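K.L.:
Contents of structure_35.json (JSON, C-alpha atoms):
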```json
[["chain", "number", "residue", "atom", "x", "y", "z"],
["A", 287, "MET", "CA", -59.73, 94.23, 31.53],
["A", 288, "LYS", "CA", -56.69, 92.65, 29.89],
["A", 289, "SER", "CA", -57.72, 93.66, 26.34],
["A", 290, "LEU", "CA", -60.38, 95.74, 24.64],
["A", 291, "VAL", "CA", -63.62, 94.02, 23.72],
["A", 292, "THR", "CA", -64.68, 94.33, 20.11],
["A", 293, "GLN", "CA", -68.29, 94.96, 19.12],
["A", 294, "ARG", "CA", -68.51, 91.38, 17.84],
["A", 295, "GLN", "CA", -67.25, 89.97, 21.13],
["A", 296, "LYS", "CA", -69.68, 92.16, 23.05],
["A", 297, "GLN", "CA", -72.48, 90.97, 20.77],
["A", 298, "LEU", "CA", -71.72, 87.37, 21.67],
["A", 299, "LEU", "CA", -71.49, 88.27, 25.35],
["A", 300, "GLN", "CA", -74.93, 89.86, 25.14],
["A", 301, "ILE", "CA", -76.29, 86.75, 23.40],
["A", 302, "ILE", "CA", -74.95, 84.55, 26.21],
["A", 303, "TYR", "CA", -76.37, 86.88, 28.86],
["A", 304, "ASP", "CA", -79.83, 87.04, 27.26],
["A", 305, "PHE", "CA", -79.94, 83.27, 26.82],
["A", 306, "ILE", "CA", -79.04, 82.59, 30.46],
["A", 307, "LYS", "CA", -81.49, 85.22, 31.70],
["A", 308, "ASN", "CA", -84.34, 83.80, 29.62],
["A", 309, "THR", "CA", -83.70, 80.07, 29.96],
["A", 310, "GLY", "CA", -81.52, 79.62, 33.05],
["A", 311, "PHE", "CA", -78.63, 78.04, 31.14],
["A", 312, "PRO", "CA", -76.06, 79.14, 28.53],
["A", 313, "PRO", "CA", -76.52, 78.61, 24.78],
["A", 314, "THR", "CA", -75.00, 75.79, 22.74],
["A", 315, "PHE", "CA", -72.60, 76.44, 19.86],
["A", 316, "GLU", "CA", -75.49, 75.93, 17.44],
["A", 317, "GLU", "CA", -77.60, 78.51, 19.23],
["A", 318, "MET", "CA", -74.72, 81.00, 19.33],
["A", 319, "ARG", "CA", -74.02, 80.43, 15.62],
["A", 320, "GLU", "CA", -77.64, 81.10, 14.80],
["A", 321, "LYS", "CA", -77.77, 84.33, 16.80],
["A", 322, "LEU", "CA", -74.45, 85.54, 15.37],
["A", 323, "LYS", "CA", -75.49, 84.49, 11.85],
["A", 324, "VAL", "CA", -72.26, 82.58, 11.20],
["A", 325, "SER", "CA", -71.84, 79.15, 9.63],
["A", 326, "SER", "CA", -69.01, 77.57, 11.62],
["A", 327, "ASN", "CA", -68.33, 76.72, 15.24],
["A", 328, "GLN", "CA", -64.80, 78.05, 14.80],
["A", 329, "SER", "CA", -66.10, 81.61, 14.47],
["A", 330, "VAL", "CA", -67.87, 81.21, 17.81],
["A", 331, "ILE", "CA", -64.84, 79.53, 19.40],
["A", 332, "ASP", "CA", -62.56, 82.37, 18.33],
["A", 333, "LEU", "CA", -64.84, 84.95, 19.94],
["A", 334, "LEU", "CA", -65.26, 82.89, 23.11],
["A", 335, "GLU", "CA", -61.49, 82.48, 23.43],
["A", 336, "LYS", "CA", -61.01, 86.23, 23.24],
["A", 337, "LEU", "CA", -63.72, 86.80, 25.84],
["A", 338, "GLU", "CA", -62.17, 84.19, 28.12],
["A", 339, "GLN", "CA", -58.65, 85.57, 27.68],
["A", 340, "GLY", "CA", -59.99, 89.01, 28.58],
["A", 341, "GLY", "CA", -61.67, 87.68, 31.72],
["A", 342, "ALA", "CA", -65.27, 88.25, 30.65],
["A", 343, "VAL", "CA", -66.32, 84.58, 30.65],
["A", 344, "LYS", "CA", -65.15, 81.22, 31.90],
["A", 345, "ARG", "CA", -65.66, 77.92, 30.07],
["A", 346, "ASN", "CA", -65.45, 74.30, 31.13],
["A", 347, "GLU", "CA", -64.17, 72.29, 28.20],
["A", 348, "GLY", "CA", -66.11, 69.24, 27.08],
["A", 349, "SER", "CA", -69.58, 70.53, 27.89],
["A", 350, "ALA", "CA", -72.05, 72.06, 25.45],
["A", 351, "ARG", "CA", -73.50, 74.42, 28.05],
["A", 352, "SER", "CA", -70.52, 75.35, 30.20],
["A", 353, "ILE", "CA", -70.16, 79.12, 29.85],
["A", 354, "ASN", "CA", -70.24, 81.32, 32.94],
["A", 355, "ILE", "CA", -70.18, 85.11, 32.77],
["A", 356, "ASN", "CA", -67.61, 86.62, 35.14],
["A", 357, "PRO", "CA", -68.21, 89.89, 37.06],
["A", 358, "LEU", "CA", -66.12, 91.68, 34.42],
["A", 359, "GLY", "CA", -68.46, 90.39, 31.71],
["A", 360, "PHE", "CA", -71.48, 91.83, 33.51],
["A", 361, "LYS", "CA", -69.63, 95.13, 33.87],
["A", 362, "ILE", "CA", -68.89, 95.22, 30.13],
["A", 363, "LEU", "CA", -72.61, 94.82, 29.46],
["A", 364, "GLY", "CA", -73.48, 97.48, 32.02],
["A", 365, "LYS", "CA", -75.38, 94.98, 34.17],
["A", 366, "GLN", "CA", -75.51, 95.07, 37.95],
["A", 367, "ILE", "CA", -75.73, 91.42, 39.02],
["A", 368, "PHE", "CA", -75.95, 89.79, 42.43],
["A", 369, "PRO", "CA", -75.73, 86.04, 43.10],
["A", 370, "VAL", "CA", -78.84, 84.16, 44.22],
["A", 371, "VAL", "CA", -77.49, 81.69, 46.76],
["A", 372, "GLY", "CA", -80.74, 79.81, 47.35],
["A", 373, "THR", "CA", -83.89, 79.67, 49.49],
["A", 374, "SER", "CA", -84.01, 80.34, 53.22],
["A", 375, "ALA", "CA", -86.86, 79.70, 55.63],
["A", 376, "ALA", "CA", -89.13, 82.32, 57.12],
["A", 377, "GLY", "CA", -90.43, 79.89, 59.70],
["A", 378, "ALA", "CA", -88.52, 76.99, 61.18],
["A", 379, "PHE", "CA", -84.90, 76.60, 60.14],
["A", 380, "MET", "CA", -84.52, 75.21, 56.62],
["A", 381, "GLU", "CA", -81.57, 73.22, 55.36],
["A", 382, "SER", "CA", -79.06, 75.88, 54.41],
["A", 383, "PHE", "CA", -79.93, 77.77, 51.24],
["A", 384, "THR", "CA", -81.96, 75.19, 49.33],
["A", 385, "ASP", "CA", -81.25, 75.48, 45.59],
["A", 386, "VAL", "CA", -83.25, 77.73, 43.29],
["A", 387, "ASP", "CA", -83.63, 77.46, 39.53],
["A", 388, "PHE", "CA", -81.60, 80.61, 38.86],
["A", 389, "LYS", "CA", -78.17, 81.73, 40.09],
["A", 390, "TRP", "CA", -78.15, 85.49, 39.67],
["A", 391, "MET", "CA", -80.46, 88.46, 39.25],
["A", 392, "GLU", "CA", -80.01, 91.78, 37.51],
["A", 393, "ILE", "CA", -80.78, 94.65, 39.87],
["A", 394, "PRO", "CA", -81.15, 98.20, 38.48],
["A", 395, "SER", "CA", -78.70, 100.63, 40.08],
["A", 396, "SER", "CA", -81.60, 102.79, 41.26],
["A", 397, "MET", "CA", -82.84, 99.94, 43.48],
["A", 398, "VAL", "CA", -79.61, 99.59, 45.47],
["A", 399, "PRO", "CA", -79.44, 102.28, 48.16],
["A", 400, "ASN", "CA", -75.70, 102.38, 48.80],
["A", 401, "GLU", "CA", -72.95, 102.76, 46.22],
["A", 402, "LYS", "CA", -70.54, 100.73, 48.39],
["A", 403, "ILE", "CA", -72.58, 97.54, 48.11],
["A", 404, "LYS", "CA", -73.03, 97.56, 44.34],
["A", 405, "GLN", "CA", -71.40, 94.60, 42.57],
["A", 406, "SER", "CA", -69.95, 93.41, 45.88],
["A", 407, "ASP", "CA", -69.02, 89.85, 46.78],
["A", 408, "GLU", "CA", -70.37, 90.69, 50.24],
["A", 409, "VAL", "CA", -73.94, 91.03, 48.93],
["A", 410, "PHE", "CA", -76.21, 88.19, 47.84],
["A", 411, "ILE", "CA", -79.86, 87.37, 47.26],
["A", 412, "ILE", "CA", -82.03, 84.73, 48.91],
["A", 413, "LYS", "CA", -85.57, 83.59, 48.21],
["A", 414, "VAL", "CA", -87.89, 83.33, 51.22],
["A", 415, "SER", "CA", -89.93, 80.25, 52.04],
["A", 416, "GLY", "CA", -92.55, 80.70, 54.75],
["A", 417, "ASP", "CA", -94.71, 83.32, 56.46],
["A", 418, "SER", "CA", -93.02, 84.04, 59.80],
["A", 419, "MET", "CA", -92.00, 87.58, 58.71],
["A", 420, "ILE", "CA", -95.24, 88.77, 57.06],
["A", 421, "ASN", "CA", -95.76, 91.63, 59.54],
["A", 422, "ALA", "CA", -92.36, 92.99, 58.49],
["A", 423, "GLY", "CA", -93.53, 93.00, 54.87],
["A", 424, "ILE", "CA", -91.63, 89.83, 53.95],
["A", 425, "ASN", "CA", -93.87, 87.25, 52.31],
["A", 426, "ASN", "CA", -93.42, 83.73, 51.00],
["A", 427, "GLU", "CA", -91.24, 83.66, 47.84],
["A", 428, "ASP", "CA", -90.01, 87.25, 48.29],
["A", 429, "MET", "CA", -86.45, 87.96, 47.13],
["A", 430, "LEU", "CA", -84.21, 89.61, 49.73],
["A", 431, "LEU", "CA", -80.93, 91.43, 49.21],
["A", 432, "VAL", "CA", -78.57, 90.48, 52.05],
["A", 433, "ARG", "CA", -75.24, 91.98, 53.07],
["A", 434, "LYS", "CA", -72.62, 90.08, 55.03],
["A", 435, "ALA", "CA", -71.70, 91.94, 58.19],
["A", 436, "LYS", "CA", -69.57, 91.62, 61.31],
["A", 437, "GLU", "CA", -71.77, 93.66, 63.60],
["A", 438, "PHE", "CA", -75.53, 93.53, 64.12],
["A", 439, "LYS", "CA", -77.79, 95.75, 66.18],
["A", 440, "SER", "CA", -81.10, 95.02, 67.84],
["A", 441, "GLY", "CA", -83.90, 95.35, 65.32],
["A", 442, "ASP", "CA", -81.91, 94.17, 62.30],
["A", 443, "ILE", "CA", -83.59, 91.55, 60.12],
["A", 444, "VAL", "CA", -80.99, 88.84, 59.72],
["A", 445, "VAL", "CA", -80.34, 85.54, 58.00],
["A", 446, "ALA", "CA", -79.42, 83.20, 60.85],
["A", 447, "ARG", "CA", -77.93, 79.73, 60.65],
["A", 448, "ASN", "CA", -77.65, 76.76, 63.00],
["A", 449, "SER", "CA", -77.07, 73.05, 62.49],
["A", 450, "ASP", "CA", -80.60, 72.67, 61.07],
["A", 451, "GLY", "CA", -80.13, 75.32, 58.36],
["A", 452, "THR", "CA", -81.07, 78.97, 57.85],
["A", 453, "THR", "CA", -83.96, 81.25, 58.71],
["A", 454, "VAL", "CA", -84.91, 84.93, 58.35],
["A", 455, "LYS", "CA", -85.84, 86.67, 61.61],
["A", 456, "ARG", "CA", -85.50, 89.95, 63.50],
["A", 457, "PHE", "CA", -82.51, 90.09, 65.87],
["A", 458, "ILE", "CA", -83.48, 91.39, 69.30],
["A", 459, "VAL", "CA", -81.34, 92.33, 72.30],
["A", 460, "ASP", "CA", -83.45, 92.86, 75.43],
["A", 461, "GLY", "CA", -81.39, 93.37, 78.56],
["A", 462, "GLY", "CA", -79.23, 90.29, 78.84],
["A", 463, "LYS", "CA", -81.38, 88.28, 76.45],
["A", 464, "ARG", "CA", -80.63, 87.82, 72.75],
["A", 465, "TYR", "CA", -83.15, 86.11, 70.50],
["A", 466, "LEU", "CA", -84.60, 85.84, 67.00],
["A", 467, "LYS", "CA", -88.09, 87.28, 66.75],
["A", 468, "PRO", "CA", -90.59, 86.25, 64.06],
["A", 469, "GLU", "CA", -92.97, 88.93, 62.75],
["A", 470, "ASN", "CA", -95.98, 86.64, 62.90],
["A", 471, "PRO", "CA", -97.72, 85.78, 66.21],
["A", 472, "SER", "CA", -98.12, 82.17, 65.08],
["A", 473, "TYR", "CA", -94.38, 81.61, 65.64],
["A", 474, "GLN", "CA", -92.24, 81.56, 68.77],
["A", 475, "ASN", "CA", -89.08, 83.49, 69.53],
["A", 476, "ILE", "CA", -85.83, 81.56, 69.10],
["A", 477, "SER", "CA", -83.25, 81.99, 71.85],
["A", 478, "ILE", "CA", -79.73, 82.62, 70.60],
["A", 479, "ILE", "CA", -77.32, 80.11, 72.10],
["A", 480, "PRO", "CA", -73.64, 81.09, 71.75],
["A", 481, "ASP", "CA", -71.69, 78.99, 69.24],
["A", 482, "GLU", "CA", -74.92, 77.39, 68.00],
["A", 483, "ILE", "CA", -76.55, 80.21, 66.02],
["A", 484, "PHE", "CA", -74.57, 82.37, 63.61],
["A", 485, "PHE", "CA", -75.56, 85.22, 61.30],
["A", 486, "GLU", "CA", -75.02, 84.96, 57.54],
["A", 487, "GLY", "CA", -75.89, 88.63, 57.01],
["A", 488, "LYS", "CA", -78.48, 91.36, 57.42],
["A", 489, "VAL", "CA", -81.40, 92.01, 55.09],
["A", 490, "ILE", "CA", -80.99, 95.41, 53.44],
["A", 491, "LEU", "CA", -83.75, 95.33, 50.83],
["A", 492, "ASN", "CA", -86.85, 93.36, 49.91],
["A", 493, "LEU", "CA", -86.55, 93.29, 46.14],
["A", 494, "SER", "CA", -90.06, 91.95, 45.73],
["A", 495, "ARG", "CA", -91.57, 95.07, 47.30],
["A", 496, "ILE", "CA", -89.99, 97.43, 44.77],
["A", 497, "SER", "CA", -91.72, 98.02, 41.47]]
```
Here is the file; what I need is its structure written in the form of structure tokens.

P.N.:
Amino acid sequence: MKSLVTQRQKQLLQIIYDFIKNTGFPPTFEEMREKLKVSSNQSVIDLLEKLEQGGAVKRNEGSARSININPLGFKILGKQIFPVVGTSAAGAFMESFTDVDFKWMEIPSSMVPNEKIKQSDEVFIIKVSGDSMINAGINNEDMLLVRKAKEFKSGDIVVARNSDGTTVKRFIVDGGKRYLKPENPSYQNISIIPDEIFFEGKVILNLSRIS
């Protein structure tokens, strides 16, 4: 970090974090003033400027709710955060990563199995829509932790994409055949056609199955 964070700055950062986590959007100046127990916007502005200069947050001027917490800000708060990129089908292909109402999730360190993937730009979360993977323990509305990868082996559960969108399936190599296999007998295998189906990443954890 470019400069040390004071306790007051960290307090405001925590206020912003809690507000976004609880409501889905950042607080207004009025709401930050109330939480900080100060009477002027300038006090809030001064703290925000220091946080922004240090790289903890980013603001878009001219908007009341325009504060984004940067990865450094999450680190200062001791939070392990992964981006939620949207919803993907577990059935037929769905238009790529349909929006969700939230943009990141806090994941306890104990839930992530590999130190190398913690706080990585190569790891993201998707929400599942559909029931084609129920026999693999992936149900409708489950949250999956996905890692981008260059190599995939037969048996990996992957997020695949074609011109119609994305889907979650098991990648199978059987002799000279390559296909996407659903884990629900109600659905058909999907043949992989070169240059038409691409992999966004492999599923490494079903967050909804961990208590």

K.L.:
Take atom CA of Gly372 of chain A and atom CA of Phe410 of chain A and report the distance between them in Å, one decimal.

P.N.:
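Rounded to one decimal, the two atoms are 9.5 Å apart.
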
K.L.:
Residues of segment 470-491 of chain A within 12 Å of segment 419-426 of chain A: nearest atom pair and distance (Å, one decimal) for each, counting all atoms listed in the file, sorted by chain and number, as CSV?

P.N.:
```
residue,atom,partner,partner_atom,distance
A:Asn470,CA,A:Met419,CA,5.9
A:Pro471,CA,A:Asn421,CA,9.1
A:Ser472,CA,A:Met419,CA,10.4
A:Tyr473,CA,A:Met419,CA,9.5
A:Gln474,CA,A:Met419,CA,11.7
A:Asn475,CA,A:Met419,CA,11.9
A:Val489,CA,A:Ile424,CA,10.5
A:Leu491,CA,A:Ile424,CA,10.1
```

K.L.:
Do a neighbour search on Leu431 of chain A at 8 Å with all atoms listed in the file, toss out local chain neighbours closer than 2 positions, and write the hits as a count of residues only.

P.N.:
11

K.L.:
Counting only C-alpha atoms, which residues have an atom no more than 12 Å from (-79.6, 90.4, 19.2) in the file's coordinates? Please list them as an MDAnalysis selection string.

P.N.:
chainID A and resid 294 296:305 318:323

K.L.:
Here is a test: counting all atoms listed in the file, which residue of A:Lys361, A:Thr373, A:Lys307, A:Thr453 is nearest to Asp428 of chain A?

P.N.:
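Checking each of A:Lys361, A:Thr373, A:Lys307, A:Thr453 against Asp428 of chain A, counting all atoms listed in the file, the winner is A:Thr373.
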
K.L.:
So, with only C-alpha atoms as the atoms that count, which of A:Val324, A:Ile478, A:Ile353, A:Met391 lies closest to Lys365 of chain A?

P.N.:
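Using only C-alpha atoms, Lys365 of chain A sits closest to A:Met391.
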
K.L.:
For Asn327 of chain A, which residue out of A:Trp390, A:Thr314, A:Lys436, A:Gln339 is the nearest one, using all atoms listed in the file?

P.N.:
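Looking at the shortest contact to Asn327 of chain A, the residue is A:Thr314.
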
K.L.:
Out of A:Ile362, A:Val291, A:Val459, A:Ile306, which residue has the shortest atom-to-atom distance to Leu333 of chain A when counting all atoms listed in the file?

P.N.:
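Between A:Ile362, A:Val291, A:Val459, A:Ile306, the residue approaching Leu333 of chain A most closely is A:Val291.
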
K.L.:
Quick one: everything within 7 Å of Ala342 of chain A, counting only C-alpha atoms, minus sequence neighbours fewer than 5 positions away in the same chain. Send it as number ranges by chain.

P.N.:
A: 337, 355-356, 358-359

K.L.:
Excluding same-chain residues fewer than 5 positions from Gly451 of chain A, what lies within 10 Å of it counting only C-alpha atoms, as a PyMOL selection string?

P.N.:
chain A and resi 374-375+378-384+446+483

K.L.:
With all atoms listed in the file as the atoms that count, which of A:Ser396, A:Asn448, A:Gln293, A:Ser477 lies nearest to Ile496 of chain A?

P.N.:
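Counting all atoms listed in the file, the residue closest to Ile496 of chain A is A:Ser396.
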
K.L.:
Using all atoms listed in the file for the distances, tell me which of A:Phe484, A:Thr452, A:Ile479, A:Gly416 is nearest to Ala435 of chain A.

P.N.:
A:Phe484

K.L.:
To one decimal in Å, tell me the separation between atom CA of Val444 of chain A and atom CA of Phe457 of chain A.

P.N.:
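It comes out at 6.5 Å.
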
K.L.:
Any idea what the distance is between atom CA of Phe485 of chain A and atom CA of Gly462 of chain A?

P.N.:
18.6 Å
